[in-house]
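Enquirer: So I've got this file, upload.txt, and it contains compact mmCIF, C-alpha atoms:
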# COMPACT_ATOMS: atom_id res chain seq x y z
CA MET A 1 104.84 97.60 123.52
CA ALA A 2 102.32 95.48 121.71
CA VAL A 3 100.42 92.87 123.66
CA GLN A 4 102.02 89.45 123.39
CA GLU A 5 100.20 86.19 123.06
CA ALA A 6 100.33 83.55 125.71
CA GLY A 7 103.58 81.63 125.65
CA GLY A 8 105.69 84.61 124.59
CA HIS A 9 107.85 86.69 126.87
CA THR A 10 110.55 89.33 126.87
CA ASP A 11 113.87 88.57 128.49
CA ALA A 12 116.10 91.00 130.33
CA ASP A 13 117.67 92.26 127.11
CA GLY A 14 114.32 93.04 125.49
CA VAL A 15 114.47 90.14 123.07
CA HIS A 16 111.09 88.61 122.32
CA GLU A 17 110.83 84.85 122.39
CA GLY A 18 108.29 82.06 122.32
CA GLY A 19 104.97 82.93 120.70
CA CYS A 20 105.51 86.67 120.36
CA VAL A 21 103.71 88.07 117.29
CA CYS A 22 104.22 91.80 117.86
CA GLY A 23 105.63 93.82 114.99
CA ASP A 24 108.57 95.49 116.74
CA CYS A 25 110.98 92.57 116.57
CA PRO A 26 112.07 90.24 113.74
CA HIS A 27 110.86 87.13 115.55
CA GLY A 28 107.44 88.64 116.15
CA ALA A 29 107.06 89.72 112.52
CA ARG A 30 108.10 86.29 111.25
CA GLU A 31 105.83 84.42 113.67
CA GLY A 32 102.90 86.74 112.97
CA HIS A 33 103.29 86.24 109.21
CA ARG A 34 103.50 82.46 109.59
CA ARG A 35 100.30 82.35 111.63
CA ALA A 36 98.48 84.73 109.27
CA VAL A 37 99.38 82.57 106.26
CA ALA A 38 98.28 79.39 108.04
CA ALA A 39 94.95 80.96 109.01
CA PHE A 40 94.34 82.23 105.46
CA LEU A 41 95.09 78.85 103.86
CA ARG A 42 92.84 77.10 106.34
CA ARG A 43 90.00 79.53 105.65
CA ARG A 44 90.47 79.29 101.88
CA ASP A 45 90.26 75.49 101.95
CA GLU A 46 87.13 75.70 104.12
CA PHE A 47 85.44 77.91 101.55
CA ALA A 48 86.59 75.60 98.75
CA ALA A 49 84.86 72.71 100.54
CA GLY A 50 81.65 74.74 100.93
CA ARG A 51 82.00 75.31 104.67
CA GLY A 52 81.87 78.55 106.63
CA LEU A 53 79.26 80.34 104.49
CA PRO A 54 76.66 82.45 106.33
CA ALA A 55 73.06 81.33 105.89
CA ALA A 56 72.07 84.67 104.36
CA VAL A 57 74.14 84.04 101.20
CA ALA A 58 74.28 80.25 101.08
CA HIS A 59 71.11 80.02 98.96
CA SER A 60 72.56 82.07 96.07
CA ALA A 61 75.59 80.94 94.10
CA SER A 62 76.45 84.45 92.92
CA ALA A 63 75.96 85.98 96.37
CA SER A 64 78.04 83.30 98.08
CA ARG A 65 80.78 83.70 95.47
CA GLN A 66 80.88 87.45 96.02
CA TRP A 67 80.88 87.08 99.80
CA VAL A 68 83.69 84.51 99.70
CA SER A 69 85.71 86.70 97.36
CA GLU A 70 85.35 89.76 99.61
CA GLU A 71 86.19 87.74 102.72
CA LEU A 72 89.31 86.24 101.11
CA THR A 73 90.36 89.63 99.78
CA GLN A 74 90.26 91.19 103.23
CA ARG A 75 92.17 88.29 104.74
CA ALA A 76 94.69 88.39 101.90
CA GLU A 77 95.35 92.08 102.54
CA ALA A 78 96.04 91.27 106.18
CA VAL A 79 98.46 88.52 105.17
CA ALA A 80 100.18 90.88 102.72
CA GLU A 81 100.58 93.47 105.48
CA GLN A 82 102.16 90.84 107.72
CA SER A 83 104.43 89.79 104.85
CA ARG A 84 105.58 93.37 104.28
CA ALA A 85 106.27 93.76 108.00
CA GLU A 86 108.30 90.56 108.00
CA GLY A 87 110.18 91.70 104.91
CA ALA A 88 111.05 95.04 106.52
CA ALA A 89 112.22 93.28 109.69
CA ARG A 90 114.39 90.85 107.73
CA LEU A 91 115.84 93.65 105.62
CA ALA A 92 116.68 95.73 108.70
CA ARG A 93 118.47 92.75 110.23
CA LEU A 94 120.24 91.77 106.99
CA TRP A 95 122.94 94.41 107.34
CA LEU A 96 124.34 92.61 110.40
CA ARG A 97 124.48 89.35 108.48
CA THR A 98 126.31 90.98 105.59
CA LEU A 99 128.68 92.52 108.11
CA TYR A 100 129.39 89.12 109.66
CA ALA A 101 129.93 87.63 106.21
CA VAL A 102 132.41 90.36 105.22
CA TRP A 103 134.54 90.05 108.33
CA GLY A 104 134.20 86.29 108.28
CA ALA A 105 135.79 86.35 104.83
CA VAL A 106 138.65 88.47 106.19
CA ILE A 107 139.22 86.02 109.03
CA ALA A 108 139.10 83.11 106.58
CA LEU A 109 141.75 84.83 104.43
CA LEU A 110 143.93 85.37 107.50
CA LEU A 111 143.64 81.71 108.51
CA ALA A 112 144.38 80.54 104.96
CA GLU A 113 147.47 82.75 104.78
CA ALA A 114 148.65 81.59 108.19
CA LEU A 115 148.27 77.93 107.25
CA THR A 116 149.98 78.28 103.86
CA ALA A 117 152.78 80.32 105.47
CA ILE A 118 153.85 77.29 107.50
CA GLY A 119 157.17 76.22 106.01
CA ALA A 120 157.16 78.89 103.30
CA GLY A 121 157.26 81.79 105.71
CA TRP A 122 155.34 85.03 105.91
CA THR A 123 155.94 87.34 102.96
CA GLY A 124 155.19 90.92 102.06
CA ALA A 125 152.61 89.73 99.54
CA ARG A 126 150.63 88.08 102.34
CA THR A 127 150.68 91.27 104.36
CA ALA A 128 149.57 93.28 101.33
CA ALA A 129 146.74 90.83 100.67
CA LEU A 130 145.53 91.13 104.24
CA LEU A 131 145.74 94.93 104.19
CA ALA A 132 143.78 95.07 100.92
CA ALA A 133 141.13 92.79 102.43
CA LEU A 134 140.90 95.03 105.48
CA ALA A 135 140.46 98.10 103.27
CA VAL A 136 137.66 96.47 101.26
CA ALA A 137 136.02 95.19 104.44
CA ALA A 138 136.16 98.66 105.99
CA ALA A 139 134.50 100.17 102.92
CA LEU A 140 131.76 97.52 102.99
CA THR A 141 131.29 98.05 106.72
CA THR A 142 130.72 101.75 106.13
CA ALA A 143 128.21 100.92 103.40
CA CYS A 144 126.46 98.46 105.73
CA PHE A 145 126.07 101.15 108.39
CA PHE A 146 124.72 103.87 106.13
CA HIS A 147 122.36 101.48 104.31
CA ARG A 148 121.38 99.36 107.31
CA ALA A 149 117.67 99.98 106.70
CA ARG A 150 117.97 98.65 103.12
CA GLY A 151 120.00 95.50 103.61
CA GLY A 152 123.46 96.87 104.35
CA ALA A 153 126.05 96.15 101.68
CA LEU A 154 123.36 94.43 99.59
CA ALA A 155 121.41 97.68 99.12
CA PRO A 156 123.05 98.54 95.74
CA VAL A 157 122.17 95.13 94.28
CA ILE A 158 118.50 95.18 95.32
CA GLY A 159 116.38 96.24 92.36
CA GLU A 160 113.42 98.58 92.24
CA ASP A 161 111.13 95.54 92.45
CA ASN A 162 112.64 94.62 95.85
CA ARG A 163 114.43 91.57 94.42
CA LEU A 164 118.12 90.81 94.22
CA SER A 165 119.31 91.86 90.76
CA THR A 166 121.37 89.23 88.99
CA SER A 167 123.14 91.71 86.72
CA ARG A 168 124.00 94.09 89.55
CA THR A 169 125.23 91.27 91.80
CA VAL A 170 127.54 89.88 89.12
CA ALA A 171 128.87 93.38 88.33
CA ALA A 172 129.36 94.15 92.03
CA CYS A 173 131.39 90.96 92.52
CA TRP A 174 133.70 91.85 89.64
CA VAL A 175 134.06 95.44 90.88
CA LEU A 176 134.99 94.26 94.39
CA PHE A 177 137.47 91.73 93.00
CA VAL A 178 139.23 94.25 90.73
CA ALA A 179 139.29 96.83 93.54
CA TYR A 180 140.85 94.25 95.84
CA ALA A 181 143.47 93.34 93.22
CA VAL A 182 144.44 96.99 92.68
CA LEU A 183 144.61 97.62 96.44
CA LEU A 184 146.83 94.56 96.78
CA LEU A 185 149.25 95.91 94.18
CA ALA A 186 149.10 99.37 95.78
CA ALA A 187 150.00 97.95 99.19
CA ARG A 188 152.91 96.02 97.68
CA LEU A 189 154.06 99.11 95.81
CA ALA A 190 153.97 101.18 98.99
CA ALA A 191 156.05 98.60 100.85
CA ALA A 192 158.55 97.99 98.03
CA SER A 193 162.00 99.39 98.75
CA ASP A 194 163.79 98.13 95.67
CA HIS A 195 163.53 100.15 92.45
CA ALA A 196 163.34 97.03 90.27
CA GLU A 197 160.49 95.63 92.38
CA ARG A 198 158.52 98.86 92.03
CA ASP A 199 159.00 98.81 88.27
CA ALA A 200 157.84 95.19 88.12
CA LEU A 201 154.68 96.06 90.09
CA LEU A 202 153.92 98.99 87.77
CA VAL A 203 154.37 96.72 84.76
CA GLY A 204 151.88 94.35 86.38
CA LEU A 205 149.24 97.08 86.06
CA ASP A 206 149.73 97.38 82.30
CA LEU A 207 146.62 96.89 80.21
CA ALA A 208 148.32 94.15 78.22
CA ARG A 209 148.41 91.95 81.32
CA GLY A 210 144.91 92.67 82.62
CA ALA A 211 143.07 93.18 79.33
CA GLY A 212 140.85 90.15 79.89
CA VAL A 213 139.75 91.20 83.38
CA VAL A 214 139.24 94.83 82.34
CA THR A 215 137.13 93.77 79.35
CA VAL A 216 134.96 91.48 81.44
CA LEU A 217 134.55 94.20 84.08
CA ALA A 218 133.46 96.73 81.45
CA VAL A 219 130.97 94.31 79.89
CA VAL A 220 129.30 93.14 83.12
CA CYS A 221 128.97 96.74 84.38
CA GLY A 222 127.54 97.79 81.03
CA VAL A 223 125.08 94.90 81.13
CA ALA A 224 123.93 95.94 84.62
CA VAL A 225 123.21 99.48 83.43
CA LEU A 226 121.64 98.38 80.15
CA VAL A 227 119.36 95.82 81.80
CA ARG A 228 117.96 98.47 84.13
CA ARG A 229 117.29 100.71 81.17
CA VAL A 230 115.71 97.93 79.10
CA VAL A 231 113.44 96.77 81.92
CA GLY A 232 112.35 100.31 82.69
CA LEU A 233 111.47 101.10 79.08
CA ARG A 234 109.62 97.82 78.60
CA ILE A 235 107.56 98.48 81.74
CA LEU A 236 106.64 101.98 80.54
CA ALA A 237 105.70 100.57 77.14
CA GLN A 238 103.51 97.92 78.88
CA ARG A 239 105.53 95.13 77.30
CA LEU A 240 106.73 93.79 80.64
CA GLN A 241 104.75 93.25 83.83
CA LYS A 242 106.59 93.78 87.10
CA VAL A 243 105.10 93.16 90.53
CA PRO A 244 107.25 94.13 93.55
CA ALA A 245 108.29 91.38 95.93
CA HIS A 246 107.70 91.62 99.65
CA ARG A 247 111.41 91.06 100.35
CA PRO A 248 114.60 90.11 98.49
CA ARG A 249 115.73 86.48 98.55
CA ALA A 250 118.99 84.80 97.59
CA ALA A 251 117.01 82.65 95.13
CA ASP A 252 116.23 85.81 93.11
CA LEU A 253 119.67 85.49 91.53
CA LEU A 254 118.70 82.23 89.82
CA THR A 255 114.95 82.54 89.28
CA ASP A 256 112.44 84.72 87.47
CA ASP A 257 109.83 86.85 89.23
CA SER A 258 107.52 83.85 89.69
CA GLY A 259 110.20 81.82 91.48
CA ARG A 260 110.93 79.38 88.64
CA GLY A 261 114.53 78.70 87.67
CA ALA A 262 115.64 80.96 84.80
CA PHE A 263 118.22 79.52 82.39
CA THR A 264 119.66 82.90 81.42
CA ASP A 265 120.20 83.90 85.06
CA ILE A 266 121.62 80.54 86.10
CA GLN A 267 124.16 80.35 83.28
CA TYR A 268 125.22 83.98 83.84
CA VAL A 269 125.81 83.47 87.56
CA ALA A 270 127.52 80.09 87.10
CA ILE A 271 129.94 81.18 84.36
CA SER A 272 130.74 84.45 86.12
CA ALA A 273 131.45 82.57 89.36
CA VAL A 274 133.79 80.15 87.56
CA ALA A 275 135.64 83.03 85.91
CA LEU A 276 135.94 84.88 89.23
CA ILE A 277 137.37 81.80 90.95
CA PHE A 278 139.88 81.37 88.13
CA ALA A 279 140.91 85.02 88.36
CA ALA A 280 141.25 84.77 92.15
CA VAL A 281 143.53 81.74 91.80
CA ARG A 282 145.66 83.61 89.23
CA LEU A 283 145.92 86.57 91.60
CA ALA A 284 146.95 84.29 94.47
CA ARG A 285 149.65 82.69 92.31
CA ARG A 286 150.89 86.00 90.85
CA PRO A 287 150.19 88.78 93.38
CA ASP A 288 152.55 91.12 91.52
CA GLN A 289 150.19 91.80 88.59
CA LEU A 290 146.57 91.98 87.61
CA PRO A 291 145.17 88.51 86.99
CA ASP A 292 145.69 87.68 83.31
CA LEU A 293 142.30 86.17 82.50
CA PRO A 294 142.72 84.07 79.33
CA TRP A 295 140.83 85.41 76.36
CA GLY A 296 139.11 82.07 75.89
CA LEU A 297 137.52 82.33 79.35
CA GLY A 298 136.85 86.02 78.82
CA VAL A 299 134.95 85.35 75.60
CA ILE A 300 132.89 82.70 77.40
CA VAL A 301 131.87 85.31 79.99
CA LEU A 302 131.00 87.77 77.22
CA ILE A 303 128.81 85.19 75.49
CA SER A 304 127.11 84.45 78.81
CA ALA A 305 126.47 88.16 79.37
CA ALA A 306 125.05 88.53 75.85
CA THR A 307 122.74 85.56 76.47
CA TYR A 308 121.52 87.09 79.71
CA LEU A 309 120.89 90.44 78.03
CA ALA A 310 119.03 88.78 75.15
CA GLY A 311 116.86 86.99 77.70
CA LYS A 312 115.90 90.33 79.24
CA TYR A 313 114.83 91.58 75.83
CA ALA A 314 112.80 88.43 75.17
CA GLU A 315 111.03 87.99 78.53
CA GLY A 316 107.57 89.22 79.32
CA GLY A 317 104.91 90.40 76.94
CA ARG A 318 101.69 92.34 77.06
CA PRO A 319 98.56 90.51 78.25
CA VAL A 320 96.07 89.86 75.49
CA ILE A 321 92.37 88.98 75.24
CA LEU A 322 91.67 86.37 72.59
CA SER A 323 87.92 85.95 73.06
CA VAL A 324 84.99 86.67 75.38
CA VAL A 325 82.18 84.14 75.70
CA ARG A 326 79.16 83.66 77.90
CA ALA A 327 79.97 81.36 80.79
CA ARG A 328 77.60 78.42 80.80
CA GLU A 329 76.91 76.13 83.73
CA PRO A 330 75.89 72.51 83.02
CA GLY A 331 72.18 72.44 82.23
CA ASP A 332 71.91 76.10 81.25
CA LEU A 333 70.38 77.05 77.93
CA ASP A 334 72.50 78.64 75.24
CA GLY A 335 71.87 82.32 74.62
CA PRO A 336 73.37 85.77 74.19
CA ILE A 337 75.22 87.71 76.87
CA ARG A 338 72.80 89.57 79.15
CA THR A 339 73.34 91.74 82.20
CA GLY A 340 73.72 89.50 85.23
CA ASP A 341 75.33 86.70 83.21
CA ASP A 342 78.89 85.55 83.76
CA ILE A 343 81.37 86.02 80.94
CA GLU A 344 84.56 84.04 80.49
CA ILE A 345 87.53 86.01 79.15
CA ARG A 346 90.12 83.85 77.45
CA GLY A 347 93.60 85.04 76.63
CA SER A 348 97.13 85.06 78.00
CA GLY A 349 99.22 86.94 80.55
CA PHE A 350 96.43 87.89 82.94
CA VAL A 351 98.49 86.91 86.03
CA PRO A 352 101.96 88.52 85.96
CA PRO A 353 104.96 86.59 87.32
CA GLY A 354 105.05 86.97 91.09
CA ALA A 355 101.36 87.91 91.33
CA GLN A 356 99.99 84.47 92.23
CA SER A 357 99.20 85.46 95.83
CA ALA A 358 95.61 86.23 96.78
CA ASP A 359 96.24 89.92 97.53
CA ARG A 360 97.65 90.42 94.03
CA LEU A 361 94.93 88.37 92.32
CA SER A 362 92.26 90.45 94.05
CA ARG A 363 93.61 93.60 92.37
CA MET A 364 92.62 92.40 88.90
CA VAL A 365 89.86 94.42 87.24
CA VAL A 366 87.78 93.87 84.13
CA ARG A 367 86.53 97.04 82.47
CA ILE A 368 83.17 96.35 80.80
CA GLY A 369 82.17 99.50 79.00
CA ALA A 370 82.39 102.25 81.60
CA VAL A 371 82.05 99.89 84.58
CA ASP A 372 85.04 98.42 86.44
CA VAL A 373 84.35 94.94 87.77
CA HIS A 374 86.72 93.36 90.27
CA VAL A 375 87.52 89.76 89.43
CA PRO A 376 86.09 87.48 92.14
CA LEU A 377 88.36 84.98 93.85
CA VAL A 378 87.00 81.45 93.49
CA PRO A 379 88.93 79.10 95.82
CA VAL A 380 89.71 75.45 95.30
CA THR A 381 91.77 73.21 97.54
CA GLY A 382 95.36 74.40 97.26
CA GLY A 383 94.71 77.49 95.15
CA PHE A 384 92.19 79.45 93.11
CA ARG A 385 90.11 78.45 90.11
CA ASN A 386 89.49 82.06 89.18
CA PRO A 387 91.34 84.06 88.03
CA THR A 388 94.04 82.20 86.11
CA ASP A 389 96.71 83.31 83.68
CA ASN A 390 94.71 82.37 80.59
CA ALA A 391 91.08 82.68 81.69
CA LEU A 392 88.95 84.58 84.15
CA THR A 393 85.23 84.84 84.85
CA VAL A 394 83.30 87.95 85.94
CA PRO A 395 79.61 88.87 86.10
CA VAL A 396 78.16 91.52 83.79
CA PRO A 397 76.71 94.15 86.18
CA ALA A 398 73.31 95.72 85.65
CA GLU A 399 74.97 99.12 85.12
CA VAL A 400 76.29 97.99 81.71
CA GLU A 401 74.19 99.46 78.92
CA PRO A 402 72.92 96.97 76.28
CA GLY A 403 74.62 97.05 72.90
CA ALA A 404 78.21 96.83 71.71
CA VAL A 405 80.49 96.97 74.76
CA GLU A 406 84.28 96.95 74.99
CA VAL A 407 85.90 94.52 77.45
CA GLN A 408 89.40 95.12 78.78
CA VAL A 409 91.44 93.48 81.56
CA VAL A 410 93.67 95.42 83.96
CA THR A 411 96.23 93.11 85.59
CA ALA A 412 97.73 93.38 89.07
CA ALA A 413 100.76 95.11 87.54
CA GLY A 414 98.53 97.86 86.13
CA VAL A 415 98.97 96.75 82.51
CA THR A 416 95.88 96.83 80.30
CA THR A 417 95.03 94.36 77.57
CA ASN A 418 93.63 95.00 74.12
CA ARG A 419 89.91 95.78 73.80
CA CYS A 420 87.44 93.12 72.75
CA VAL A 421 83.93 94.13 71.66
CA VAL A 422 80.95 92.00 72.77
CA GLN A 423 77.20 92.38 72.31
CA VAL A 424 75.16 92.69 75.50
CA THR A 425 71.39 92.26 75.12
CA GLU A 426 68.60 93.22 77.48
Output the file's structure as structure tokens, nothing else.
Expert:
Amino acid sequence: MAVQEAGGHTDADGVHEGGCVCGDCPHGAREGHRRAVAAFLRRRDEFAAGRGLPAAVAHSASASRQWVSEELTQRAEAVAEQSRAEGAARLARLWLRTLYAVWGAVIALLLAEALTAIGAGWTGARTAALLAALAVAAALTTACFFHRARGGALAPVIGEDNRLSTSRTVAACWVLFVAYAVLLLAARLAAASDHAERDALLVGLDLARGAGVVTVLAVVCGVAVLVRRVVGLRILAQRLQKVPAHRPRAADLLTDDSGRGAFTDIQYVAISAVALIFAAVRLARRPDQLPDLPWGLGVIVLISAATYLAGKYAEGGRPVILSVVRAREPGDLDGPIRTGDDIEIRGSGFVPPGAQSADRLSRMVVRIGAVDVHVPLVPVTGGFRNPTDNALTVPVPAEVEPGAVEVQVVTAAGVTTNRCVVQVTE
């Protein structure tokens, strides 16, 4: 077992507590990541204030900048490793939480049925509803066990970028609801002894009664498949930049990759949730048929799905260089670009959504002719001055041959910009 810091201990059950920062338990991974982030931020702010530089590089601005960038890059990689370890630990433990949530919902349904049965009495429909819930919970429990390393029952709705997929989550909710409704009718049909009751239950499965729910189910499932296809093609065409997340979060359902609230995602989740609640109420009131979702509400869901899909087509874009100029410090003389000078590249889309962390910023490269130059990290209090989404500064190395040279930026997502030609003089 890894060595534990002072203040941490292992109890009789092997559970690590206190200040444990080892990587073989969720608490240790979380505590280790928290301390690594705090140490990195403290070191970054020290460099931003001009403290902590070794005397050998303090006399040269370019040397100190390079040394600081390399030091921050190494520390950022360590923080990223801690973050990935924490994400894996959280994901491995998530299947138990999903399991508790599933069976908690079953218990809540049982309590609700027991309370509403007071005075009205227990009916066959209540038994069928409970049996259908048990069947769905058993299926989800099996999924949780087989996918326990990938988040349990949430594994199918976690995208390739390690984020919760809004389209898949909405589709999964509708699939589970329709499956529950059909199982409810099946349980009632199996328990029905009267011929007229069986015929009434079969009529309740007619398409005319559940056309709204079936249409919505088909659309949201189609949107989930189409969104995956659209995103994949746009990534291959370098029209969309995707950076994997360290771990999925519940906020992914309502935000874009950078963590900002996304209107298309929010409206899709909100309207789908309202429609699901309405359909659940209809099923509770009429447990002898598929919920007849009104066409007005169904059309609203379809419009919401179309808006979400249109947003997926519209988001992103390829990074672009608009201009390259010689970076000039106050007091410097104007002149052409020479080897050893700094150049400022102006454009848009240099920092992909979700790539604002130091380990991702350090992966940016500027290709000057045949030479790849890593973009130096220039810290300021609370962040970085270089690189930014619309500008970055790099030195022109001595290996660049004088003459017309092409400049191109490679982002952290691996997407390349257009080429911009500059003149480098001796």
Enquirer: Applying 8 Å and all atoms listed in the file, which residues near range 271-280 of chain A remain after dropping the ones on its own chain fewer than 3 positions away? List them as a short mmCIF file (atom, residue, chain, number, x, y, z; two decimals) with C-alpha atoms, in the coordinates of the input.
Expert:
data_model
loop_
_atom_site.label_atom_id
_atom_site.label_comp_id
_atom_site.auth_asym_id
_atom_site.auth_seq_id
_atom_site.Cartn_x
_atom_site.Cartn_y
_atom_site.Cartn_z
CA VAL A 170 127.54 89.88 89.12
CA TRP A 174 133.70 91.85 89.64
CA PHE A 177 137.47 91.73 93.00
CA GLN A 267 124.16 80.35 83.28
CA TYR A 268 125.22 83.98 83.84
CA LEU A 283 145.92 86.57 91.60
CA ALA A 284 146.95 84.29 94.47
CA PRO A 291 145.17 88.51 86.99
CA ASP A 292 145.69 87.68 83.31
CA LEU A 293 142.30 86.17 82.50
CA LEU A 297 137.52 82.33 79.35
CA GLY A 298 136.85 86.02 78.82
CA ILE A 300 132.89 82.70 77.40
CA VAL A 301 131.87 85.31 79.99
CA SER A 304 127.11 84.45 78.81
#
Enquirer: Write out as a list in words which residues come within 8 Å of range 187-189 of chain A when counting all atoms listed in the file, dropping same-chain ones fewer than 4 positions away.
Expert: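 Once the nearby chain positions are removed, what remains is Gly124, Ala125, Ala128, Ala129, Leu131, Ala132, Leu183, Arg198, Leu201 and Asp288 of chain A.
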Enquirer: What is the CA of Val394 in chain A to CA of Ala38 in chain A distance in Å?
Expert: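 Spanning CA of Val394 in chain A to CA of Ala38 in chain A is a straight-line distance of 28.0 Å.
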Enquirer: Give the answer as one residue: which of A:Leu176, A:Leu140, A:Ala314, A:Val409 has the shortest atom-to-atom distance to Arg234 in chain A, using only C-alpha atoms?
Expert: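 Of the candidates, the smallest distance to Arg234 in chain A is held by A:Ala314.
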Enquirer: For Arg65 in chain A, which of A:Pro156, A:Pro387, A:Pro376, A:Pro402 is the closest residue, counting all atoms listed in the file?
Expert: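 With all atoms listed in the file as the atom set, the closest residue is A:Pro376.
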Enquirer: Given the choices A:Ala370, A:Ala412, A:Ala80, A:Val365, which gets closest to Leu392 in chain A if the distance is worked out from all atoms listed in the file?
Expert: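 Ranking A:Ala370, A:Ala412, A:Ala80, A:Val365 by distance to Leu392 in chain A, first place goes to A:Val365.
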Enquirer: CA of Ile266 in chain A and CA of Gly222 in chain A are how many Å apart?
Expert: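 According to the coordinates, CA of Ile266 in chain A and CA of Gly222 in chain A are separated by 18.9 Å.
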Enquirer: Provide the CA of Arg249 in chain A to CA of Gln356 in chain A distance in Å, to one decimal place.
Expert: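 So the two atoms, CA of Arg249 in chain A and CA of Gln356 in chain A, lie 17.1 Å apart.
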Enquirer: Give me the residues within 12 Å of Leu110 in chain A as a PDB file with C-alpha atoms, keeping the file's coordinate frame, counting all atoms listed in the file and dropping any in the same chain fewer than 5 places off.
Expert:
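Dumped everything to result.pdb:
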ATOM      1  CA  TRP A 103     134.540  90.050 108.330  1.00  0.00           C
ATOM      2  CA  GLY A 104     134.200  86.290 108.280  1.00  0.00           C
ATOM      3  CA  ALA A 105     135.790  86.350 104.830  1.00  0.00           C
ATOM      4  CA  LEU A 115     148.270  77.930 107.250  1.00  0.00           C
ATOM      5  CA  THR A 116     149.980  78.280 103.860  1.00  0.00           C
ATOM      6  CA  ALA A 117     152.780  80.320 105.470  1.00  0.00           C
ATOM      7  CA  TRP A 122     155.340  85.030 105.910  1.00  0.00           C
ATOM      8  CA  ARG A 126     150.630  88.080 102.340  1.00  0.00           C
ATOM      9  CA  THR A 127     150.680  91.270 104.360  1.00  0.00           C
ATOM     10  CA  ALA A 128     149.570  93.280 101.330  1.00  0.00           C
ATOM     11  CA  ALA A 129     146.740  90.830 100.670  1.00  0.00           C
ATOM     12  CA  LEU A 130     145.530  91.130 104.240  1.00  0.00           C
ATOM     13  CA  LEU A 131     145.740  94.930 104.190  1.00  0.00           C
ATOM     14  CA  ALA A 132     143.780  95.070 100.920  1.00  0.00           C
ATOM     15  CA  ALA A 133     141.130  92.790 102.430  1.00  0.00           C
ATOM     16  CA  LEU A 134     140.900  95.030 105.480  1.00  0.00           C
TER      17      LEU A 134
END
Enquirer: Take the point (97.4, 84.5, 82.1) as written in the file and pick out every residue within 12 Å of it, counting only C-alpha atoms; give the list as a PyMOL selection string.
Expert: chain A and resi 241+316-322+345-353+355-356+361+364+386-392+409-412+417
Enquirer: Using only C-alpha atoms, find the one residue out of A:Ile107, A:Ala143, A:Ala192, A:Ala76 that sits nearest to Trp95 in chain A.
Expert: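 Closest to Trp95 in chain A of all the choices is A:Ala143.
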Enquirer: Show me, as an MDAnalysis selection string, the residues that have an atom within 10 Å of Leu290 in chain A when counting all atoms listed in the file, minus same-chain residues fewer than 3 positions from it.
Expert: chainID A and resid 178 181:182 184:185 201 203:214 279 282:283 286:287 293
Enquirer: Smallest atom-to-atom distance to Gly335 in chain A: which of A:Ala270, A:Glu426, A:Val230, A:Leu94, using all atoms listed in the file?
Expert: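 Answer, going by the shortest atom-to-atom distance: A:Glu426.
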Enquirer: Could you check the closest approach to Glu406 in chain A for each of A:Ala153, A:Val366, A:Leu377, A:Val102 and tell me which residue wins, using all atoms listed in the file?
Expert: A:Val366
Enquirer: Would you list the contacts of Ala404 in chain A as a ChimeraX atom specification, taking every protein, DNA or RNA residue within 9 Å and counting all atoms listed in the file, but skipping same-chain residues closer than 2 positions in sequence?
Expert: /A:369,401-402,406,421-425
Enquirer: Store the residues of this selection in a file with C-alpha atoms, as a PDB file, in the coordinates of the input.
Expert:
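Result written to selection04.pdb:
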ATOM      1  CA  GLY A 369      82.170  99.500  79.000  1.00  0.00           C
ATOM      2  CA  GLU A 401      74.190  99.460  78.920  1.00  0.00           C
ATOM      3  CA  PRO A 402      72.920  96.970  76.280  1.00  0.00           C
ATOM      4  CA  GLU A 406      84.280  96.950  74.990  1.00  0.00           C
ATOM      5  CA  VAL A 421      83.930  94.130  71.660  1.00  0.00           C
ATOM      6  CA  VAL A 422      80.950  92.000  72.770  1.00  0.00           C
ATOM      7  CA  GLN A 423      77.200  92.380  72.310  1.00  0.00           C
ATOM      8  CA  VAL A 424      75.160  92.690  75.500  1.00  0.00           C
ATOM      9  CA  THR A 425      71.390  92.260  75.120  1.00  0.00           C
TER      10      THR A 425
END
